[in-house]
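Shown next, in structure tokens, is the structure this report addresses.
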Amino acid sequence: MRFILIIFLFIFSVNYSFSEEKEEKIVWPPPPDKAKIQWIKTIDKVEDIESERGFFRKILDVIVGKEKKQLVKPFGSFFFKNKLYITDTGANVVFIFDLKNKRVDYIDEIKDYGFSSPIDVVVDRFGNIYVSDSVLGSVFVFDKDLKYKGKIGSGFLQRPTGLAINNKENRLYVSDTVAGKIYVFDLKGKLLQQIGKIGQGDGEFNKPTFITVDKNGDLYVVDTMNTRIQIFNKDGKFITKFGERGTVIGTFANPRGIAVDSDGNIYVTDTLLSAVQIFNRKGQLLLVVGHYGTRNGEFAFPADITISSKDYIFVSDSYNMRVQVLRYLKGGK
């Protein structure tokens, strides 16, 4: 049976290489305006990353019966040193896509048990990986070799969701959606500070979700049920806010993921609008990327978003069971 499967793989690999179609060019805004964002590719299965592996490596996987996990509901994301880290709340796994070496690794176990609901992931400058699990109520830590090291916040975190890291200050930020606050830890897990409380005023939250830190160390919080973005300095002092509730472009229906590009533009995903909206620091709308759909450049309830140092944008297109890759065209094209 395996011999037949091997022959099939060989035939399939040969035929598939001749049937690939050229990827379409999708940009925002569309011509004749100067493009600012370009769609690059879609990752909807691990084979999209491993496509350049050698033929005999693929044969070996078949012979040893290596299990392949697939994207079910990609959620949180982080990019670090050519690797894209994606939590999947459907598969209860953390995918690690090594885009340089065309390899896919997984974290699916915490000692002798698995994740219940892995929400977000970040990586520190030493390569340690931090994963929040909203059901298990902890942030789990793994080393660069994917070995379990310990957990943070167990016993007092109620529903940890979004994570952010400041590698210059060695600080880990954890959003607790139920408690309505942001916890700040050092990288050894010592609690340093708490930011905010439940409420609607400046520095107060109603179900905060994803968070991010920009190159200056400022903290951005998606204050989801208050339908706004709040910005704090590295010491947790409130700076500014923007956003209002609505169902039209420029407002927020259910803001979720957040990221900042190299020019300081702020990207916010909205699960109900199924789009990525881009704002400046003053909260002025600059551009809208995508709308509801299943084609390239369209989204279905997008969750988190992350941006690399080279301005590649990774959107967890959750209900389309894929990650879409875009790029900010610095200066336009």
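Identifiers in this document derive from the order of the structure tokens: chains are assigned A, B, ..., residues are numbered from 1 separately in each chain, and ligands are numbered from 1 in order of occurrence.
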Task: Test item: residues at most 12 Å from A:Asn82, only C-alpha atoms, excluding those fewer than 4 positions along its chain, as a PyMOL selection string - done: chain A and resi 78+96-103+307-310+312
Please produce a file of the residues just selected, as a PDB file, in the first residue's frame, where the atoms kept are N, CA, C and O atoms.
```
ATOM      1  N   PHE A  78       2.683  35.999  15.266  1.00  0.00           N
ATOM      2  CA  PHE A  78       3.885  36.764  15.591  1.00  0.00           C
ATOM      3  C   PHE A  78       4.959  36.386  14.580  1.00  0.00           C
ATOM      4  O   PHE A  78       5.044  35.223  14.167  1.00  0.00           O
ATOM      5  N   ILE A  96       4.640  26.756  13.534  1.00  0.00           N
ATOM      6  CA  ILE A  96       5.840  27.561  13.347  1.00  0.00           C
ATOM      7  C   ILE A  96       6.290  27.367  11.908  1.00  0.00           C
ATOM      8  O   ILE A  96       6.826  26.323  11.534  1.00  0.00           O
ATOM      9  N   PHE A  97       6.033  28.365  11.085  1.00  0.00           N
ATOM     10  CA  PHE A  97       6.382  28.306   9.669  1.00  0.00           C
ATOM     11  C   PHE A  97       7.743  28.954   9.466  1.00  0.00           C
ATOM     12  O   PHE A  97       7.883  30.168   9.583  1.00  0.00           O
ATOM     13  N   ASP A  98       8.740  28.157   9.174  1.00  0.00           N
ATOM     14  CA  ASP A  98      10.079  28.658   8.878  1.00  0.00           C
ATOM     15  C   ASP A  98      10.106  28.997   7.390  1.00  0.00           C
ATOM     16  O   ASP A  98      10.257  28.131   6.541  1.00  0.00           O
ATOM     17  N   LEU A  99       9.939  30.278   7.072  1.00  0.00           N
ATOM     18  CA  LEU A  99       9.793  30.704   5.676  1.00  0.00           C
ATOM     19  C   LEU A  99      11.107  30.661   4.918  1.00  0.00           C
ATOM     20  O   LEU A  99      11.111  30.612   3.687  1.00  0.00           O
ATOM     21  N   LYS A 100      12.216  30.675   5.630  1.00  0.00           N
ATOM     22  CA  LYS A 100      13.525  30.612   4.974  1.00  0.00           C
ATOM     23  C   LYS A 100      13.907  29.183   4.621  1.00  0.00           C
ATOM     24  O   LYS A 100      14.348  28.907   3.501  1.00  0.00           O
ATOM     25  N   ASN A 101      13.729  28.282   5.570  1.00  0.00           N
ATOM     26  CA  ASN A 101      14.151  26.895   5.362  1.00  0.00           C
ATOM     27  C   ASN A 101      13.033  25.980   4.887  1.00  0.00           C
ATOM     28  O   ASN A 101      13.228  24.770   4.768  1.00  0.00           O
ATOM     29  N   LYS A 102      11.833  26.577   4.630  1.00  0.00           N
ATOM     30  CA  LYS A 102      10.687  25.810   4.119  1.00  0.00           C
ATOM     31  C   LYS A 102      10.369  24.617   5.005  1.00  0.00           C
ATOM     32  O   LYS A 102      10.261  23.485   4.559  1.00  0.00           O
ATOM     33  N   ARG A 103      10.211  24.911   6.288  1.00  0.00           N
ATOM     34  CA  ARG A 103       9.957  23.852   7.267  1.00  0.00           C
ATOM     35  C   ARG A 103       8.801  24.277   8.163  1.00  0.00           C
ATOM     36  O   ARG A 103       8.614  25.455   8.437  1.00  0.00           O
ATOM     37  N   ILE A 307       3.112  42.204  11.614  1.00  0.00           N
ATOM     38  CA  ILE A 307       3.890  42.805  10.527  1.00  0.00           C
ATOM     39  C   ILE A 307       5.372  42.611  10.816  1.00  0.00           C
ATOM     40  O   ILE A 307       5.844  42.886  11.922  1.00  0.00           O
ATOM     41  N   SER A 308       6.120  42.149   9.813  1.00  0.00           N
ATOM     42  CA  SER A 308       7.556  41.928   9.981  1.00  0.00           C
ATOM     43  C   SER A 308       8.314  43.240   9.852  1.00  0.00           C
ATOM     44  O   SER A 308       7.759  44.270   9.440  1.00  0.00           O
ATOM     45  N   SER A 309       9.600  43.203  10.160  1.00  0.00           N
ATOM     46  CA  SER A 309      10.436  44.408  10.060  1.00  0.00           C
ATOM     47  C   SER A 309      10.568  44.887   8.617  1.00  0.00           C
ATOM     48  O   SER A 309      10.881  46.045   8.375  1.00  0.00           O
ATOM     49  N   LYS A 310      10.314  43.988   7.668  1.00  0.00           N
ATOM     50  CA  LYS A 310      10.359  44.358   6.248  1.00  0.00           C
ATOM     51  C   LYS A 310       8.976  44.664   5.696  1.00  0.00           C
ATOM     52  O   LYS A 310       8.769  44.712   4.495  1.00  0.00           O
ATOM     53  N   TYR A 312       6.167  42.956   5.734  1.00  0.00           N
ATOM     54  CA  TYR A 312       5.254  41.907   5.285  1.00  0.00           C
ATOM     55  C   TYR A 312       4.162  41.775   6.337  1.00  0.00           C
ATOM     56  O   TYR A 312       4.429  41.770   7.539  1.00  0.00           O
TER      57      TYR A 312
END
```
Open item on the list: Which residues are near A:Lys197? Cut-off 10 Å, only C-alpha atoms, ignore same chain within fewer than 4 positions. Put them as JSON, numbers by chain.
Closed with: {"A": [179, 180, 181, 182, 201, 203, 204, 205, 206]}
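Between A:Leu146 and the residues A:Lys207, A:Arg245, A:Lys111, A:Arg125, the shortest atom-to-atom distance, using only C-alpha atoms, involves A:Lys111.
Close contacts of A:Val121, defined as residues with an atom at most 10 Å away when counting only C-alpha atoms, with chain neighbours fewer than 5 positions off set aside, comprise Phe75, Gly76, Ser77, Phe78, Phe79, Tyr85, Ile86, Thr87, Val94, Ile129, Tyr130, Val131, Ser132, Asp133, Val139, Phe140, Val141, Thr161, Gly162, Leu163, Ala164 and Ile165 of chain A.
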Write out as a PDB file with N, CA, C and O atoms, in the first residue's frame which residues come within 12 Å of A:Tyr113 when counting only C-alpha atoms, dropping same-chain ones fewer than 2 positions away.
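Result saved to out-v6.pdb:
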```pdb
ATOM      1  N   ASN A  92      -5.919  23.448  18.116  1.00  0.00           N
ATOM      2  CA  ASN A  92      -5.263  23.508  19.434  1.00  0.00           C
ATOM      3  C   ASN A  92      -3.760  23.242  19.323  1.00  0.00           C
ATOM      4  O   ASN A  92      -3.201  22.372  20.004  1.00  0.00           O
ATOM      5  N   VAL A  93      -3.130  24.015  18.461  1.00  0.00           N
ATOM      6  CA  VAL A  93      -1.713  23.844  18.192  1.00  0.00           C
ATOM      7  C   VAL A  93      -1.106  25.201  17.861  1.00  0.00           C
ATOM      8  O   VAL A  93      -1.823  26.144  17.496  1.00  0.00           O
ATOM      9  N   ILE A 107       3.904  23.108  18.134  1.00  0.00           N
ATOM     10  CA  ILE A 107       3.850  22.890  19.576  1.00  0.00           C
ATOM     11  C   ILE A 107       2.406  22.494  19.870  1.00  0.00           C
ATOM     12  O   ILE A 107       1.477  23.282  19.631  1.00  0.00           O
ATOM     13  N   ASP A 108       2.209  21.278  20.335  1.00  0.00           N
ATOM     14  CA  ASP A 108       0.851  20.824  20.611  1.00  0.00           C
ATOM     15  C   ASP A 108       0.710  20.171  21.979  1.00  0.00           C
ATOM     16  O   ASP A 108      -0.354  19.644  22.315  1.00  0.00           O
ATOM     17  N   GLU A 109       1.786  20.222  22.778  1.00  0.00           N
ATOM     18  CA  GLU A 109       1.732  19.620  24.098  1.00  0.00           C
ATOM     19  C   GLU A 109       2.377  20.519  25.149  1.00  0.00           C
ATOM     20  O   GLU A 109       3.356  21.220  24.868  1.00  0.00           O
ATOM     21  N   ILE A 110       1.789  20.508  26.339  1.00  0.00           N
ATOM     22  CA  ILE A 110       2.359  21.186  27.501  1.00  0.00           C
ATOM     23  C   ILE A 110       2.667  20.078  28.511  1.00  0.00           C
ATOM     24  O   ILE A 110       1.772  19.586  29.173  1.00  0.00           O
ATOM     25  N   LYS A 111       3.914  19.658  28.547  1.00  0.00           N
ATOM     26  CA  LYS A 111       4.285  18.491  29.363  1.00  0.00           C
ATOM     27  C   LYS A 111       3.468  17.286  28.896  1.00  0.00           C
ATOM     28  O   LYS A 111       3.651  16.794  27.802  1.00  0.00           O
ATOM     29  N   PHE A 115      -3.024  21.905  24.641  1.00  0.00           N
ATOM     30  CA  PHE A 115      -3.687  23.200  24.769  1.00  0.00           C
ATOM     31  C   PHE A 115      -5.202  23.007  24.762  1.00  0.00           C
ATOM     32  O   PHE A 115      -5.722  22.066  24.164  1.00  0.00           O
ATOM     33  N   SER A 116      -5.899  23.940  25.411  1.00  0.00           N
ATOM     34  CA  SER A 116      -7.365  23.963  25.364  1.00  0.00           C
ATOM     35  C   SER A 116      -7.866  25.056  24.428  1.00  0.00           C
ATOM     36  O   SER A 116      -8.830  24.860  23.705  1.00  0.00           O
ATOM     37  N   LEU A 136      -7.091  27.547  29.956  1.00  0.00           N
ATOM     38  CA  LEU A 136      -6.194  27.071  31.009  1.00  0.00           C
ATOM     39  C   LEU A 136      -5.713  28.200  31.922  1.00  0.00           C
ATOM     40  O   LEU A 136      -5.113  27.954  32.965  1.00  0.00           O
ATOM     41  N   TYR A 148       9.164  22.633  26.758  1.00  0.00           N
ATOM     42  CA  TYR A 148       8.407  23.349  27.779  1.00  0.00           C
ATOM     43  C   TYR A 148       9.309  23.819  28.921  1.00  0.00           C
ATOM     44  O   TYR A 148      10.121  23.056  29.439  1.00  0.00           O
TER      45      TYR A 148
END
```
- [ ] List the neighbours of stretch 248-262 of chain A out to 6 Å using only C-alpha atoms; skip same-chain residues closer than 3 positions along the sequence, and give me the result as a ChimeraX atom specification.
- [x] /A:210,224,227,244-245,265-272,285,303-306
What does the file look like for those residues with N, CA and C atoms, as a PDB file, in the first residue's frame?
```
ATOM      1  N   PHE A 210      -6.447  41.713  21.592  1.00  0.00           N
ATOM      2  CA  PHE A 210      -5.073  41.702  21.115  1.00  0.00           C
ATOM      3  C   PHE A 210      -4.359  43.013  21.409  1.00  0.00           C
ATOM      4  N   THR A 224     -11.907  45.974  22.841  1.00  0.00           N
ATOM      5  CA  THR A 224     -12.902  45.463  21.898  1.00  0.00           C
ATOM      6  C   THR A 224     -14.323  45.930  22.165  1.00  0.00           C
ATOM      7  N   THR A 227     -15.032  49.352  21.638  1.00  0.00           N
ATOM      8  CA  THR A 227     -14.814  49.619  20.200  1.00  0.00           C
ATOM      9  C   THR A 227     -13.857  50.794  19.963  1.00  0.00           C
ATOM     10  N   GLU A 244     -14.740  54.559  17.159  1.00  0.00           N
ATOM     11  CA  GLU A 244     -16.116  54.648  17.611  1.00  0.00           C
ATOM     12  C   GLU A 244     -16.911  53.474  17.061  1.00  0.00           C
ATOM     13  N   ARG A 245     -18.001  53.153  17.723  1.00  0.00           N
ATOM     14  CA  ARG A 245     -18.809  52.013  17.342  1.00  0.00           C
ATOM     15  C   ARG A 245     -19.606  52.302  16.067  1.00  0.00           C
ATOM     16  N   ASN A 265       1.992  53.404  10.833  1.00  0.00           N
ATOM     17  CA  ASN A 265       0.585  53.229  10.484  1.00  0.00           C
ATOM     18  C   ASN A 265       0.015  52.070  11.297  1.00  0.00           C
ATOM     19  N   ILE A 266      -1.229  52.198  11.727  1.00  0.00           N
ATOM     20  CA  ILE A 266      -1.849  51.236  12.638  1.00  0.00           C
ATOM     21  C   ILE A 266      -2.888  50.414  11.882  1.00  0.00           C
ATOM     22  N   TYR A 267      -2.726  49.095  11.919  1.00  0.00           N
ATOM     23  CA  TYR A 267      -3.608  48.169  11.205  1.00  0.00           C
ATOM     24  C   TYR A 267      -4.515  47.480  12.222  1.00  0.00           C
ATOM     25  N   VAL A 268      -5.823  47.504  11.977  1.00  0.00           N
ATOM     26  CA  VAL A 268      -6.776  46.882  12.890  1.00  0.00           C
ATOM     27  C   VAL A 268      -7.693  45.952  12.099  1.00  0.00           C
ATOM     28  N   THR A 269      -7.755  44.682  12.505  1.00  0.00           N
ATOM     29  CA  THR A 269      -8.715  43.776  11.878  1.00  0.00           C
ATOM     30  C   THR A 269     -10.055  43.917  12.595  1.00  0.00           C
ATOM     31  N   ASP A 270     -11.130  43.693  11.844  1.00  0.00           N
ATOM     32  CA  ASP A 270     -12.468  43.739  12.420  1.00  0.00           C
ATOM     33  C   ASP A 270     -13.203  42.488  11.966  1.00  0.00           C
ATOM     34  N   THR A 271     -13.586  41.642  12.923  1.00  0.00           N
ATOM     35  CA  THR A 271     -14.178  40.360  12.555  1.00  0.00           C
ATOM     36  C   THR A 271     -15.541  40.517  11.888  1.00  0.00           C
ATOM     37  N   LEU A 272     -16.308  41.515  12.285  1.00  0.00           N
ATOM     38  CA  LEU A 272     -17.639  41.682  11.702  1.00  0.00           C
ATOM     39  C   LEU A 272     -17.599  42.410  10.362  1.00  0.00           C
ATOM     40  N   LEU A 285      -8.620  57.527   9.262  1.00  0.00           N
ATOM     41  CA  LEU A 285      -8.608  56.372   8.373  1.00  0.00           C
ATOM     42  C   LEU A 285      -7.786  56.670   7.125  1.00  0.00           C
ATOM     43  N   ALA A 303      -8.831  37.437  12.484  1.00  0.00           N
ATOM     44  CA  ALA A 303      -8.492  37.596  13.902  1.00  0.00           C
ATOM     45  C   ALA A 303      -7.266  38.489  14.033  1.00  0.00           C
ATOM     46  N   ASP A 304      -6.108  37.914  14.311  1.00  0.00           N
ATOM     47  CA  ASP A 304      -4.923  38.716  14.586  1.00  0.00           C
ATOM     48  C   ASP A 304      -4.212  39.133  13.299  1.00  0.00           C
ATOM     49  N   ILE A 305      -3.277  40.059  13.461  1.00  0.00           N
ATOM     50  CA  ILE A 305      -2.450  40.533  12.357  1.00  0.00           C
ATOM     51  C   ILE A 305      -1.065  40.840  12.923  1.00  0.00           C
ATOM     52  N   THR A 306      -0.032  40.532  12.162  1.00  0.00           N
ATOM     53  CA  THR A 306       1.331  40.862  12.576  1.00  0.00           C
ATOM     54  C   THR A 306       2.104  41.365  11.376  1.00  0.00           C
TER      55      THR A 306
END
```
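What separates atom CA of A:Gly243 from atom CA of A:Tyr319 is a distance of 24.8 Å.
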TODO: Give me every strand (DSSP E) residue in stretch 212-284 of chain A, going by DSSP on the backbone, as a PyMOL selection string.
DONE: chain A and resi 212-213+219-223+228-232+238-242+255-260+266-270+275-279
Task: Residues near stretch 236-242 of chain A, cut-off 7 Å, only C-alpha atoms, skip fewer than 4 positions along chain, as number ranges by chain - done: A: 195, 203, 228-232, 283
Export all heavy atoms of the chosen residues as a PDB file, in the first residue's frame?
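So the final result, stored in out.pdb, reads:
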```pdb
ATOM      1  N   ILE A 195      -2.074  47.439  34.293  1.00  0.00           N
ATOM      2  CA  ILE A 195      -2.552  48.626  33.590  1.00  0.00           C
ATOM      3  C   ILE A 195      -4.061  48.523  33.417  1.00  0.00           C
ATOM      4  O   ILE A 195      -4.562  47.551  32.857  1.00  0.00           O
ATOM      5  CB  ILE A 195      -1.883  48.771  32.206  1.00  0.00           C
ATOM      6  CG1 ILE A 195      -0.367  48.850  32.341  1.00  0.00           C
ATOM      7  CG2 ILE A 195      -2.420  50.004  31.472  1.00  0.00           C
ATOM      8  CD1 ILE A 195       0.363  48.801  31.003  1.00  0.00           C
ATOM      9  N   GLY A 203      -7.789  54.730  29.769  1.00  0.00           N
ATOM     10  CA  GLY A 203      -7.022  53.758  30.529  1.00  0.00           C
ATOM     11  C   GLY A 203      -7.868  52.660  31.150  1.00  0.00           C
ATOM     12  O   GLY A 203      -7.348  51.826  31.893  1.00  0.00           O
ATOM     13  N   ARG A 228     -12.650  50.630  20.474  1.00  0.00           N
ATOM     14  CA  ARG A 228     -11.655  51.675  20.300  1.00  0.00           C
ATOM     15  C   ARG A 228     -10.256  51.084  20.476  1.00  0.00           C
ATOM     16  O   ARG A 228     -10.092  49.955  20.944  1.00  0.00           O
ATOM     17  CB  ARG A 228     -11.866  52.802  21.315  1.00  0.00           C
ATOM     18  CG  ARG A 228     -11.686  52.338  22.765  1.00  0.00           C
ATOM     19  CD  ARG A 228     -12.054  53.410  23.762  1.00  0.00           C
ATOM     20  NE  ARG A 228     -11.842  52.967  25.143  1.00  0.00           N
ATOM     21  CZ  ARG A 228     -12.136  53.686  26.218  1.00  0.00           C
ATOM     22  NH1 ARG A 228     -12.656  54.902  26.084  1.00  0.00           N
ATOM     23  NH2 ARG A 228     -11.908  53.204  27.438  1.00  0.00           N
ATOM     24  N   ILE A 229      -9.265  51.868  20.103  1.00  0.00           N
ATOM     25  CA  ILE A 229      -7.862  51.539  20.314  1.00  0.00           C
ATOM     26  C   ILE A 229      -7.314  52.511  21.350  1.00  0.00           C
ATOM     27  O   ILE A 229      -7.530  53.729  21.249  1.00  0.00           O
ATOM     28  CB  ILE A 229      -7.051  51.670  19.000  1.00  0.00           C
ATOM     29  CG1 ILE A 229      -7.678  50.830  17.890  1.00  0.00           C
ATOM     30  CG2 ILE A 229      -5.590  51.294  19.239  1.00  0.00           C
ATOM     31  CD1 ILE A 229      -7.786  49.358  18.183  1.00  0.00           C
ATOM     32  N   GLN A 230      -6.601  51.990  22.350  1.00  0.00           N
ATOM     33  CA  GLN A 230      -5.942  52.841  23.328  1.00  0.00           C
ATOM     34  C   GLN A 230      -4.431  52.643  23.232  1.00  0.00           C
ATOM     35  O   GLN A 230      -3.953  51.530  23.006  1.00  0.00           O
ATOM     36  CB  GLN A 230      -6.417  52.522  24.744  1.00  0.00           C
ATOM     37  CG  GLN A 230      -7.892  52.816  24.970  1.00  0.00           C
ATOM     38  CD  GLN A 230      -8.220  52.934  26.448  1.00  0.00           C
ATOM     39  OE1 GLN A 230      -7.723  53.832  27.148  1.00  0.00           O
ATOM     40  NE2 GLN A 230      -9.075  52.048  26.936  1.00  0.00           N
ATOM     41  N   ILE A 231      -3.702  53.734  23.399  1.00  0.00           N
ATOM     42  CA  ILE A 231      -2.241  53.711  23.286  1.00  0.00           C
ATOM     43  C   ILE A 231      -1.623  54.197  24.587  1.00  0.00           C
ATOM     44  O   ILE A 231      -2.044  55.217  25.156  1.00  0.00           O
ATOM     45  CB  ILE A 231      -1.762  54.586  22.112  1.00  0.00           C
ATOM     46  CG1 ILE A 231      -2.478  54.175  20.805  1.00  0.00           C
ATOM     47  CG2 ILE A 231      -0.243  54.468  21.935  1.00  0.00           C
ATOM     48  CD1 ILE A 231      -2.155  55.060  19.608  1.00  0.00           C
ATOM     49  N   PHE A 232      -0.605  53.462  25.060  1.00  0.00           N
ATOM     50  CA  PHE A 232       0.090  53.774  26.306  1.00  0.00           C
ATOM     51  C   PHE A 232       1.596  53.819  26.036  1.00  0.00           C
ATOM     52  O   PHE A 232       2.083  53.182  25.099  1.00  0.00           O
ATOM     53  CB  PHE A 232      -0.185  52.695  27.362  1.00  0.00           C
ATOM     54  CG  PHE A 232      -1.643  52.497  27.673  1.00  0.00           C
ATOM     55  CD1 PHE A 232      -2.450  51.730  26.835  1.00  0.00           C
ATOM     56  CD2 PHE A 232      -2.217  53.076  28.790  1.00  0.00           C
ATOM     57  CE1 PHE A 232      -3.802  51.545  27.108  1.00  0.00           C
ATOM     58  CE2 PHE A 232      -3.567  52.901  29.073  1.00  0.00           C
ATOM     59  CZ  PHE A 232      -4.361  52.127  28.223  1.00  0.00           C
ATOM     60  N   GLY A 283      -5.817  58.582  14.522  1.00  0.00           N
ATOM     61  CA  GLY A 283      -7.062  57.839  14.346  1.00  0.00           C
ATOM     62  C   GLY A 283      -7.768  58.142  13.051  1.00  0.00           C
ATOM     63  O   GLY A 283      -8.936  57.749  12.859  1.00  0.00           O
TER      64      GLY A 283
END
```
Task: d(atom CA of A:Leu172, atom CA of A:Lys330) in Å - done: 29.2 Å
Task: Contacts of A:Pro29 at 12 Å (only C-alpha atoms; same-chain gap of 6+ positions) as a list in words - done: Ala35, Lys36, Ile37, Gln38, Trp39, Ile278, Leu286, Leu287, Val288, Val289, Gly290, Tyr328, Leu329, Gly332 and Lys333 of chain A
Task: Using only C-alpha atoms: which of A:Gln70, A:Thr42, A:Asn128, A:Asn216 has the shortest distance to A:Lys144 - done: A:Asn128
